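To be precise, the following lines are model-v6.cif, and they hold mmCIF, C-alpha atoms.
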data_coords
loop_
_atom_site.label_atom_id
_atom_site.label_comp_id
_atom_site.auth_asym_id
_atom_site.auth_seq_id
_atom_site.Cartn_x
_atom_site.Cartn_y
_atom_site.Cartn_z
CA MET A 1 1.53 -11.82 -7.23
CA ASP A 2 4.20 -11.56 -9.90
CA LEU A 3 3.27 -8.65 -12.15
CA THR A 4 5.65 -9.75 -14.90
CA LYS A 5 4.87 -13.45 -15.37
CA ASP A 6 1.09 -13.45 -15.79
CA ALA A 7 0.25 -11.95 -19.19
CA ALA A 8 -3.10 -10.50 -18.11
CA VAL A 9 -1.63 -8.85 -15.03
CA ALA A 10 1.37 -7.58 -16.96
CA ARG A 11 -0.93 -6.00 -19.56
CA GLU A 12 -3.10 -4.41 -16.87
CA THR A 13 -0.09 -2.95 -15.07
CA LEU A 14 1.52 -1.60 -18.23
CA ARG A 15 -1.77 -0.24 -19.54
CA THR A 16 -2.39 1.57 -16.26
CA MET A 17 1.05 3.19 -16.25
CA TRP A 18 0.75 4.26 -19.88
CA THR A 19 -2.74 5.66 -19.27
CA ILE A 20 -1.45 7.77 -16.38
CA ARG A 21 1.46 9.00 -18.51
CA ARG A 22 -0.67 9.83 -21.55
CA PHE A 23 -3.37 11.50 -19.46
CA GLU A 24 -0.88 13.79 -17.79
CA GLU A 25 0.96 14.55 -21.03
CA ALA A 26 -2.38 15.55 -22.53
CA VAL A 27 -3.25 17.72 -19.55
CA ASP A 28 0.17 19.38 -19.77
CA ASP A 29 -0.45 20.16 -23.45
CA LEU A 30 -3.98 21.47 -22.89
CA PHE A 31 -2.75 23.80 -20.18
CA ALA A 32 0.12 25.07 -22.33
CA ARG A 33 -2.35 25.92 -25.11
CA GLY A 34 -4.60 27.88 -22.76
CA LEU A 35 -7.42 25.34 -22.97
CA MET A 36 -7.27 24.43 -19.28
CA HIS A 37 -7.22 26.90 -16.42
CA GLY A 38 -6.14 27.00 -12.79
CA THR A 39 -3.11 24.89 -11.95
CA MET A 40 -2.13 21.28 -11.74
CA HIS A 41 0.55 19.05 -10.31
CA LEU A 42 1.87 16.33 -12.61
CA SER A 43 3.25 12.97 -11.50
CA ILE A 44 5.01 12.03 -14.74
CA GLY A 45 7.81 9.65 -13.73
CA GLN A 46 5.95 8.30 -10.68
CA GLU A 47 3.51 5.95 -12.46
CA ALA A 48 4.84 2.77 -10.84
CA VAL A 49 3.64 3.77 -7.37
CA PRO A 50 -0.13 4.01 -7.93
CA ALA A 51 -0.09 1.16 -10.46
CA GLY A 52 1.67 -1.24 -8.11
CA ALA A 53 -0.12 -0.12 -4.95
CA CYS A 54 -3.70 -0.17 -6.25
CA LEU A 55 -3.25 -3.69 -7.62
CA ALA A 56 -2.91 -4.79 -3.99
CA LEU A 57 -6.44 -3.58 -3.22
CA ARG A 58 -9.77 -5.21 -3.82
CA GLU A 59 -13.26 -3.90 -4.50
CA GLY A 60 -14.60 -1.97 -1.52
CA ASP A 61 -11.21 -0.75 -0.30
CA TYR A 62 -10.52 2.98 -0.08
CA ILE A 63 -7.80 5.44 -0.99
CA THR A 64 -7.07 9.05 -0.12
CA SER A 65 -5.10 11.07 -2.61
CA THR A 66 -3.10 14.28 -2.89
CA HIS A 67 -2.81 17.46 -4.96
CA ARG A 68 -0.71 15.27 -7.32
CA GLY A 69 -3.40 12.65 -7.63
CA HIS A 70 -4.28 11.90 -11.26
CA GLY A 71 -2.33 8.62 -11.13
CA HIS A 72 -4.05 7.39 -7.97
CA CYS A 73 -7.45 8.14 -9.46
CA ILE A 74 -6.69 6.33 -12.73
CA ALA A 75 -5.07 3.32 -11.04
CA ARG A 76 -8.12 2.92 -8.83
CA GLY A 77 -10.36 2.66 -11.89
CA ALA A 78 -11.71 6.16 -12.49
CA GLU A 79 -13.52 7.06 -15.70
CA LEU A 80 -11.20 9.15 -17.87
CA ASP A 81 -14.15 11.05 -19.37
CA ALA A 82 -15.26 12.31 -15.97
CA MET A 83 -11.70 13.11 -14.92
CA MET A 84 -10.96 15.13 -18.05
CA ALA A 85 -14.33 16.86 -17.83
CA GLU A 86 -13.55 17.92 -14.28
CA LEU A 87 -10.23 19.45 -15.32
CA LEU A 88 -11.93 21.25 -18.21
CA ALA A 89 -14.61 22.67 -15.86
CA LYS A 90 -17.46 20.71 -17.43
CA GLU A 91 -20.76 19.79 -15.83
CA THR A 92 -20.06 16.08 -16.49
CA GLY A 93 -16.91 16.13 -14.35
CA TYR A 94 -16.59 14.12 -11.16
CA CYS A 95 -17.34 17.24 -9.10
CA ARG A 96 -19.44 18.88 -11.82
CA GLY A 97 -16.47 20.96 -12.88
CA ARG A 98 -16.25 22.77 -9.57
CA GLY A 99 -13.23 21.06 -8.02
CA GLY A 100 -10.65 20.77 -10.75
CA SER A 101 -7.43 18.80 -10.61
CA MET A 102 -6.86 18.89 -6.85
CA HIS A 103 -10.33 17.86 -5.71
CA ILE A 104 -11.36 14.86 -7.78
CA ALA A 105 -13.25 12.27 -5.76
CA ASP A 106 -14.82 9.03 -6.98
CA VAL A 107 -16.82 7.36 -4.23
CA ALA A 108 -17.82 4.51 -6.55
CA THR A 109 -14.22 3.26 -6.72
CA GLY A 110 -13.45 4.06 -3.08
CA ASN A 111 -11.45 7.20 -3.90
CA LEU A 112 -12.29 9.52 -1.00
CA GLY A 113 -10.71 12.44 -2.77
CA ALA A 114 -7.65 14.31 -3.87
CA ASN A 115 -6.66 17.09 -1.50
CA GLY A 116 -5.10 20.49 -1.99
CA ILE A 117 -3.84 20.51 1.62
CA VAL A 118 -0.47 18.84 2.15
CA ALA A 119 -1.08 15.78 4.38
CA GLY A 120 -4.80 16.53 4.28
CA GLY A 121 -5.68 13.00 3.22
CA VAL A 122 -3.86 11.34 6.14
CA PRO A 123 -6.38 12.11 8.92
CA ILE A 124 -9.21 11.42 6.47
CA ALA A 125 -7.69 7.96 5.91
CA ALA A 126 -7.46 7.44 9.67
CA GLY A 127 -11.11 8.43 9.98
CA ALA A 128 -12.13 6.04 7.23
CA GLY A 129 -10.09 3.30 8.89
CA LEU A 130 -11.83 3.99 12.20
CA ALA A 131 -15.23 3.77 10.48
CA VAL A 132 -14.25 0.40 9.00
CA LYS A 133 -13.15 -0.88 12.40
CA LEU A 134 -16.28 0.33 14.20
CA ARG A 135 -18.42 -1.39 11.58
CA ARG A 136 -16.28 -4.53 11.84
CA GLY A 137 -15.62 -4.36 8.13
CA GLU A 138 -12.79 -5.91 6.14
CA GLN A 139 -11.87 -2.90 4.00
CA VAL A 140 -8.42 -1.33 3.97
CA VAL A 141 -7.54 2.30 3.35
CA VAL A 142 -4.41 3.30 1.42
CA SER A 143 -3.33 6.88 2.02
CA PHE A 144 -1.01 8.41 -0.60
CA PHE A 145 1.10 11.46 0.24
CA GLY A 146 4.40 13.04 -0.71
CA ASP A 147 7.60 13.47 1.28
CA GLY A 148 6.62 17.04 2.14
CA ALA A 149 3.62 15.74 4.08
CA VAL A 150 5.76 13.79 6.53
CA ASN A 151 6.71 16.97 8.41
CA GLU A 152 3.13 18.20 8.74
CA GLY A 153 1.25 18.05 12.04
CA ALA A 154 -1.76 16.40 10.42
CA TRP A 155 0.50 13.57 9.23
CA HIS A 156 1.81 12.87 12.74
CA GLU A 157 -1.65 13.02 14.28
CA GLY A 158 -3.22 10.79 11.64
CA VAL A 159 -0.47 8.16 11.77
CA ASN A 160 -0.43 8.18 15.57
CA LEU A 161 -4.18 7.64 15.85
CA ALA A 162 -4.04 4.84 13.28
CA ALA A 163 -1.21 3.23 15.22
CA ILE A 164 -2.69 3.37 18.71
CA TRP A 165 -6.07 2.15 17.48
CA ASP A 166 -4.66 -0.49 15.11
CA LEU A 167 -6.63 0.93 12.20
CA PRO A 168 -6.59 -0.81 8.79
CA VAL A 169 -4.60 1.93 7.03
CA VAL A 170 -1.55 1.68 4.77
CA PHE A 171 0.42 4.92 4.54
CA VAL A 172 2.22 5.21 1.18
CA CYS A 173 4.80 7.97 0.90
CA GLU A 174 5.69 8.91 -2.67
CA ASN A 175 9.15 10.27 -1.91
CA ASN A 176 9.95 12.20 -5.09
CA HIS A 177 12.81 14.03 -3.35
CA TYR A 178 11.23 17.47 -3.20
CA GLY A 179 8.46 19.12 -1.18
CA MET A 180 7.89 21.95 -3.65
CA SER A 181 11.52 23.14 -3.91
CA MET A 182 12.74 21.74 -0.57
CA SER A 183 15.05 18.74 -0.91
CA VAL A 184 14.44 15.82 1.44
CA GLY A 185 18.15 16.03 2.30
CA LYS A 186 17.53 19.43 3.89
CA ALA A 187 14.11 18.72 5.37
CA PHE A 188 14.89 15.48 7.24
CA LYS A 189 17.67 14.19 9.47
CA VAL A 190 16.80 10.53 8.84
CA GLN A 191 18.19 8.73 5.80
CA ARG A 192 14.90 7.03 4.97
CA LEU A 193 11.48 8.48 5.74
CA ALA A 194 10.24 4.98 6.61
CA GLU A 195 12.35 5.29 9.77
CA ARG A 196 9.67 7.62 11.09
CA ALA A 197 7.42 4.57 11.57
CA ALA A 198 9.45 3.48 14.60
CA ALA A 199 8.20 6.49 16.56
CA TYR A 200 4.66 5.14 16.29
CA GLY A 201 5.46 1.49 16.88
CA ILE A 202 4.48 0.38 13.38
CA PRO A 203 6.46 -1.27 10.57
CA GLY A 204 8.19 0.94 8.05
CA VAL A 205 9.73 -0.17 4.75
CA THR A 206 11.51 1.63 1.91
CA VAL A 207 11.17 0.34 -1.65
CA ASP A 208 12.16 1.32 -5.17
CA GLY A 209 9.23 3.48 -6.26
CA ASN A 210 10.14 3.10 -9.93
CA ASP A 211 9.52 -0.65 -9.75
CA PRO A 212 5.79 -1.52 -9.66
CA GLN A 213 6.63 -5.03 -8.45
CA ALA A 214 8.53 -3.73 -5.41
CA VAL A 215 5.71 -1.31 -4.60
CA HIS A 216 3.09 -4.01 -5.06
CA ASP A 217 4.89 -6.50 -2.82
CA ALA A 218 5.33 -4.00 0.02
CA VAL A 219 1.78 -2.68 -0.17
CA SER A 220 0.35 -6.20 -0.46
CA ASP A 221 2.12 -7.22 2.74
CA ALA A 222 0.87 -4.08 4.47
CA VAL A 223 -2.69 -4.60 3.22
CA HIS A 224 -2.67 -8.20 4.46
CA ARG A 225 -1.46 -7.03 7.86
CA ALA A 226 -4.08 -4.29 8.05
CA ARG A 227 -6.91 -6.60 6.96
CA ALA A 228 -5.88 -9.06 9.68
CA GLY A 229 -6.37 -6.38 12.35
CA GLN A 230 -2.67 -5.80 12.97
CA GLY A 231 -2.72 -2.08 12.26
CA PRO A 232 -1.00 0.31 9.87
CA THR A 233 2.29 0.22 7.96
CA LEU A 234 4.36 3.01 6.46
CA VAL A 235 5.64 2.28 2.93
CA GLU A 236 8.14 4.72 1.46
CA ALA A 237 8.37 4.48 -2.33
CA VAL A 238 11.43 6.36 -3.62
CA THR A 239 10.68 7.91 -7.00
CA TYR A 240 11.03 11.22 -8.87
CA ARG A 241 8.79 13.73 -10.61
CA TRP A 242 10.13 14.79 -13.99
CA LYS A 243 8.12 18.01 -14.09
CA GLY A 244 8.13 20.92 -11.68
CA HIS A 245 6.04 21.09 -8.54
CA SER A 246 3.24 22.86 -10.42
CA LYS A 247 2.75 24.76 -13.65
CA SER A 248 4.39 27.89 -12.18
CA ASP A 249 7.58 26.06 -11.13
CA LYS A 250 10.67 27.26 -13.02
CA ASN A 251 12.77 24.33 -11.71
CA LEU A 252 15.58 26.55 -10.46
CA TYR A 253 16.38 24.32 -7.49
CA ARG A 254 17.59 21.26 -9.42
CA THR A 255 19.86 20.66 -12.38
CA ARG A 256 19.05 19.37 -15.84
CA GLU A 257 21.58 16.60 -15.23
CA GLU A 258 19.68 15.42 -12.17
CA ILE A 259 16.37 15.38 -14.00
CA GLU A 260 17.88 13.55 -16.97
CA SER A 261 19.47 10.91 -14.74
CA TRP A 262 16.04 10.07 -13.34
CA ARG A 263 14.39 10.14 -16.76
CA GLU A 264 16.82 7.39 -17.71
CA GLN A 265 15.19 5.32 -14.93
CA ASP A 266 11.76 5.65 -16.57
CA PRO A 267 9.50 3.19 -14.70
CA ILE A 268 7.45 2.42 -17.81
CA ALA A 269 10.43 1.58 -20.03
CA ARG A 270 11.84 -0.46 -17.18
CA PHE A 271 8.64 -2.46 -16.79
CA GLU A 272 8.42 -3.03 -20.53
CA ARG A 273 11.87 -4.62 -20.38
CA ALA A 274 10.78 -6.73 -17.40
CA VAL A 275 7.74 -8.14 -19.23
CA ALA A 276 9.50 -8.72 -22.56
CA GLY A 277 9.48 -12.48 -21.95
CA THR A 278 5.75 -12.47 -21.15
CA LEU A 279 4.32 -9.95 -23.58
CA SER A 280 5.20 -9.66 -27.25
CA GLU A 281 6.24 -6.38 -28.84
CA VAL A 282 2.77 -6.28 -30.38
CA ASP A 283 1.16 -6.63 -26.93
CA ILE A 284 3.34 -3.87 -25.50
CA ALA A 285 2.60 -1.55 -28.42
CA ALA A 286 -1.12 -2.28 -27.99
CA CYS A 287 -0.96 -1.10 -24.37
CA ARG A 288 0.59 2.18 -25.49
CA ASP A 289 -1.92 2.64 -28.29
CA GLU A 290 -4.92 1.81 -26.12
CA ALA A 291 -3.82 4.32 -23.48
CA ARG A 292 -3.37 7.04 -26.10
CA GLU A 293 -6.77 6.39 -27.69
CA ARG A 294 -8.56 6.29 -24.32
CA VAL A 295 -7.14 9.70 -23.42
CA ARG A 296 -7.98 11.16 -26.83
CA GLU A 297 -11.55 9.91 -26.53
CA ALA A 298 -11.79 11.40 -23.03
CA ILE A 299 -10.73 14.79 -24.41
CA ARG A 300 -13.27 14.58 -27.24
CA THR A 301 -16.07 13.61 -24.87
CA ALA A 302 -15.18 16.24 -22.27
CA ASN A 303 -14.93 19.02 -24.84
CA ALA A 304 -18.40 18.20 -26.11
CA ALA A 305 -19.91 18.38 -22.62
CA PRO A 306 -21.67 21.51 -21.27
CA ASP A 307 -19.66 23.96 -19.21
CA ALA A 308 -20.05 23.84 -15.44
CA SER A 309 -23.12 25.71 -14.24
CA ALA A 310 -22.61 29.06 -12.57
CA GLY A 311 -25.71 28.49 -10.45
CA SER A 312 -26.00 27.78 -6.76
CA LEU A 313 -23.25 25.71 -5.17
CA THR A 314 -25.61 24.25 -2.57
CA ASP A 315 -26.76 21.57 -5.00
CA ALA A 316 -23.18 20.35 -5.51
CA VAL A 317 -22.39 19.12 -2.00
CA TYR A 318 -22.06 15.44 -1.14
CA ALA A 319 -24.86 15.43 1.46
CA ARG A 320 -27.68 17.97 1.27
CA SER A 321 -29.75 19.16 4.20
CA ASP A 322 -33.50 19.57 3.83
CA ARG A 323 -33.55 22.42 6.35
#
Can you present the structure in this file as structure tokens?
Amino acid sequence: MDLTKDAAVARETLRTMWTIRRFEEAVDDLFARGLMHGTMHLSIGQEAVPAGACLALREGDYITSTHRGHGHCIARGAELDAMMAELLAKETGYCRGRGGSMHIADVATGNLGANGIVAGGVPIAAGAGLAVKLRRGEQVVVSFFGDGAVNEGAWHEGVNLAAIWDLPVVFVCENNHYGMSMSVGKAFKVQRLAERAAAYGIPGVTVDGNDPQAVHDAVSDAVHRARAGQGPTLVEAVTYRWKGHSKSDKNLYRTREEIESWREQDPIARFERAVAGTLSEVDIAACRDEARERVREAIRTANAAPDASAGSLTDAVYARSDR
């Protein structure tokens, strides 16, 4: 599917990327003003990866997310009101205000959850893929993770099990060049993290993670392969996070020049140029405006909601025992 030639698809893709950007900018502002507590991990600059990847999925498919997961959640169709309410510790949040930024889950859209543990979503994705296979289903699981996850034991175990059992899982690495403050150049001997796929006997491909079309094409191929029973694929999407690892990151490990050089490769501005022949300037502006208004409305709705209850946590679990 060409994301730039079909007007409806182009609008959807651009609207999704702008919504992710505006949501995270709003969250950044709320935190800076002391209106949001805890911590958060922003993916500003990486919007093309979830937008392109999730367009390759269909209803009923699953994703697992990361501690930097707002974009995945939004691209998979989450309700902004419930997301913002969760971050503001409101009872109307996805996890009733108890989970915060790193633990949003939305079973209705197949989002099996963000995860505060690096690589924590990878074995969960393998488990979901195994469940699909045992039930003889047609669903596919896309597991998002960062470059830092690729050196974790859970990553190797999850990918290996998916490989040997031919599970319908697509592993999407958002290589933003840093695992916290550790550069990929220091953490890996291989040039491309997709090379790791060879050790498990599965395909591995590296794509431009700032191009939603490149991401979409690679993930679409991997999804088709997985749905046909041919097992997993590793897709490495090379991108960059403009902000620090988390709110406490002083960014002392990289230069302003490096950050600015990547900001000049803004995936949203780049996609707007790519769709200029399909969408008018009015259409493009409408996508920006709609994203901004949706986020503003989510903030208004969340702020008006009741605070999360301080009562018993036993009524906030996914499955309750009657014992």
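Straight-line separation from atom CA of Gly158 of chain A to atom CA of Thr64 of chain A: 12.5 Å.
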Neighbouring residues of segment 120-128 of chain A were defined as those with any atom within 9 Å, considering only C-alpha atoms; residues of the same chain fewer than 5 positions away were excluded. Please report them as a PyMOL selection string. chain A and resi 62-66+112-115+133+140-145+149+154-159+161-162+167-171
Store the residues picked out above in a file with C-alpha atoms, as a PDB file, in the frame of the given file.
ATOM      1  CA  TYR A  62     -10.520   2.980  -0.080  1.00  0.00           C
ATOM      2  CA  ILE A  63      -7.800   5.440  -0.990  1.00  0.00           C
ATOM      3  CA  THR A  64      -7.070   9.050  -0.120  1.00  0.00           C
ATOM      4  CA  SER A  65      -5.100  11.070  -2.610  1.00  0.00           C
ATOM      5  CA  THR A  66      -3.100  14.280  -2.890  1.00  0.00           C
ATOM      6  CA  LEU A 112     -12.290   9.520  -1.000  1.00  0.00           C
ATOM      7  CA  GLY A 113     -10.710  12.440  -2.770  1.00  0.00           C
ATOM      8  CA  ALA A 114      -7.650  14.310  -3.870  1.00  0.00           C
ATOM      9  CA  ASN A 115      -6.660  17.090  -1.500  1.00  0.00           C
ATOM     10  CA  LYS A 133     -13.150  -0.880  12.400  1.00  0.00           C
ATOM     11  CA  VAL A 140      -8.420  -1.330   3.970  1.00  0.00           C
ATOM     12  CA  VAL A 141      -7.540   2.300   3.350  1.00  0.00           C
ATOM     13  CA  VAL A 142      -4.410   3.300   1.420  1.00  0.00           C
ATOM     14  CA  SER A 143      -3.330   6.880   2.020  1.00  0.00           C
ATOM     15  CA  PHE A 144      -1.010   8.410  -0.600  1.00  0.00           C
ATOM     16  CA  PHE A 145       1.100  11.460   0.240  1.00  0.00           C
ATOM     17  CA  ALA A 149       3.620  15.740   4.080  1.00  0.00           C
ATOM     18  CA  ALA A 154      -1.760  16.400  10.420  1.00  0.00           C
ATOM     19  CA  TRP A 155       0.500  13.570   9.230  1.00  0.00           C
ATOM     20  CA  HIS A 156       1.810  12.870  12.740  1.00  0.00           C
ATOM     21  CA  GLU A 157      -1.650  13.020  14.280  1.00  0.00           C
ATOM     22  CA  GLY A 158      -3.220  10.790  11.640  1.00  0.00           C
ATOM     23  CA  VAL A 159      -0.470   8.160  11.770  1.00  0.00           C
ATOM     24  CA  LEU A 161      -4.180   7.640  15.850  1.00  0.00           C
ATOM     25  CA  ALA A 162      -4.040   4.840  13.280  1.00  0.00           C
ATOM     26  CA  LEU A 167      -6.630   0.930  12.200  1.00  0.00           C
ATOM     27  CA  PRO A 168      -6.590  -0.810   8.790  1.00  0.00           C
ATOM     28  CA  VAL A 169      -4.600   1.930   7.030  1.00  0.00           C
ATOM     29  CA  VAL A 170      -1.550   1.680   4.770  1.00  0.00           C
ATOM     30  CA  PHE A 171       0.420   4.920   4.540  1.00  0.00           C
TER      31      PHE A 171
END
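Picture a line from atom CA of Glu260 of chain A to atom CA of Asp29 of chain A; it runs 20.5 Å.
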Out of A:Asp208, A:Glu138, A:Glu272, A:Glu297, which residue has the shortest atom-to-atom distance to Thr13 of chain A when counting all atoms listed in the file? A:Glu272
Selected by the PyMOL selection byres ((chain A and resi 236) around 8) in the shown coordinates: which residues, as a ChimeraX atom specification? /A:172-175,192-194,204-207,209,234-235,237-238
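Atom CA of His70 of chain A is found 26.6 Å from atom CA of Glu257 of chain A.
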Option closest in space to His224 of chain A, from A:Asp266, A:Ala56, A:Arg21, A:Asp166 [counting all atoms listed in the file]: A:Ala56
Hey, what comes out of the PyMOL selection byres ((chain A and resi 42-53) around 7) on this file? Could you write it as a PDB file with C-alpha atoms, in the frame of the given file?
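Once everything was written out, this is result.pdb:
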ATOM      1  CA  THR A  13      -0.090  -2.950 -15.070  1.00  0.00           C
ATOM      2  CA  THR A  16      -2.390   1.570 -16.260  1.00  0.00           C
ATOM      3  CA  MET A  17       1.050   3.190 -16.250  1.00  0.00           C
ATOM      4  CA  ILE A  20      -1.450   7.770 -16.380  1.00  0.00           C
ATOM      5  CA  ARG A  21       1.460   9.000 -18.510  1.00  0.00           C
ATOM      6  CA  GLU A  24      -0.880  13.790 -17.790  1.00  0.00           C
ATOM      7  CA  MET A  40      -2.130  21.280 -11.740  1.00  0.00           C
ATOM      8  CA  HIS A  41       0.550  19.050 -10.310  1.00  0.00           C
ATOM      9  CA  CYS A  54      -3.700  -0.170  -6.250  1.00  0.00           C
ATOM     10  CA  LEU A  55      -3.250  -3.690  -7.620  1.00  0.00           C
ATOM     11  CA  ALA A  56      -2.910  -4.790  -3.990  1.00  0.00           C
ATOM     12  CA  ARG A  68      -0.710  15.270  -7.320  1.00  0.00           C
ATOM     13  CA  GLY A  71      -2.330   8.620 -11.130  1.00  0.00           C
ATOM     14  CA  HIS A  72      -4.050   7.390  -7.970  1.00  0.00           C
ATOM     15  CA  ALA A  75      -5.070   3.320 -11.040  1.00  0.00           C
ATOM     16  CA  GLY A 209       9.230   3.480  -6.260  1.00  0.00           C
ATOM     17  CA  ASN A 210      10.140   3.100  -9.930  1.00  0.00           C
ATOM     18  CA  ASP A 211       9.520  -0.650  -9.750  1.00  0.00           C
ATOM     19  CA  PRO A 212       5.790  -1.520  -9.660  1.00  0.00           C
ATOM     20  CA  GLN A 213       6.630  -5.030  -8.450  1.00  0.00           C
ATOM     21  CA  VAL A 215       5.710  -1.310  -4.600  1.00  0.00           C
ATOM     22  CA  HIS A 216       3.090  -4.010  -5.060  1.00  0.00           C
ATOM     23  CA  VAL A 219       1.780  -2.680  -0.170  1.00  0.00           C
ATOM     24  CA  ALA A 237       8.370   4.480  -2.330  1.00  0.00           C
ATOM     25  CA  THR A 239      10.680   7.910  -7.000  1.00  0.00           C
ATOM     26  CA  TYR A 240      11.030  11.220  -8.870  1.00  0.00           C
ATOM     27  CA  ARG A 241       8.790  13.730 -10.610  1.00  0.00           C
ATOM     28  CA  TRP A 242      10.130  14.790 -13.990  1.00  0.00           C
ATOM     29  CA  LYS A 243       8.120  18.010 -14.090  1.00  0.00           C
ATOM     30  CA  ASP A 266      11.760   5.650 -16.570  1.00  0.00           C
ATOM     31  CA  PRO A 267       9.500   3.190 -14.700  1.00  0.00           C
TER      32      PRO A 267
END
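Among the candidate residues A:Ala305, A:Ala276, A:Arg296, A:Glu152, the one lying nearest to Ala26 of chain A is A:Arg296, with distances computed using all atoms listed in the file.
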Picked residues, the PyMOL selection byres ((chain A and resi 148) around 8), expected as number ranges by chain: A: 118, 146-147, 149-152, 178-180, 184
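Take the candidates A:Glu79, A:His103, A:Arg11, A:Ser181 and check each one against Lys250 of chain A using all atoms listed in the file; the shortest distance goes to A:Ser181.
If you measure from each of A:Glu86, A:Asp6, A:Asp283, A:Asp81 to Ala308 of chain A using all atoms listed in the file, the closest one turns out to be A:Glu86.
Remark: for Met83 of chain A, the closest of the candidate residues A:Ser280, A:Ser220, A:Asn160, A:Thr301 is A:Thr301 (distances computed over all atoms listed in the file).
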Box along x, y and z, 4 Å on every side, all listed atoms of segment 258-277 of chain A inside: centre and edge lengths in Å to one decimal, as AutoDock Vina command-line options.
--center_x 13.6 --center_y 1.5 --center_z -17.4 --size_x 20.2 --size_y 35.9 --size_z 18.4
Residues within 6 Å of (-11.7, 18.0, -10.6), file coords, only C-alpha atoms, listed as a VMD selection string: chain A and resid 86 to 87 95 99 to 101 103 to 104
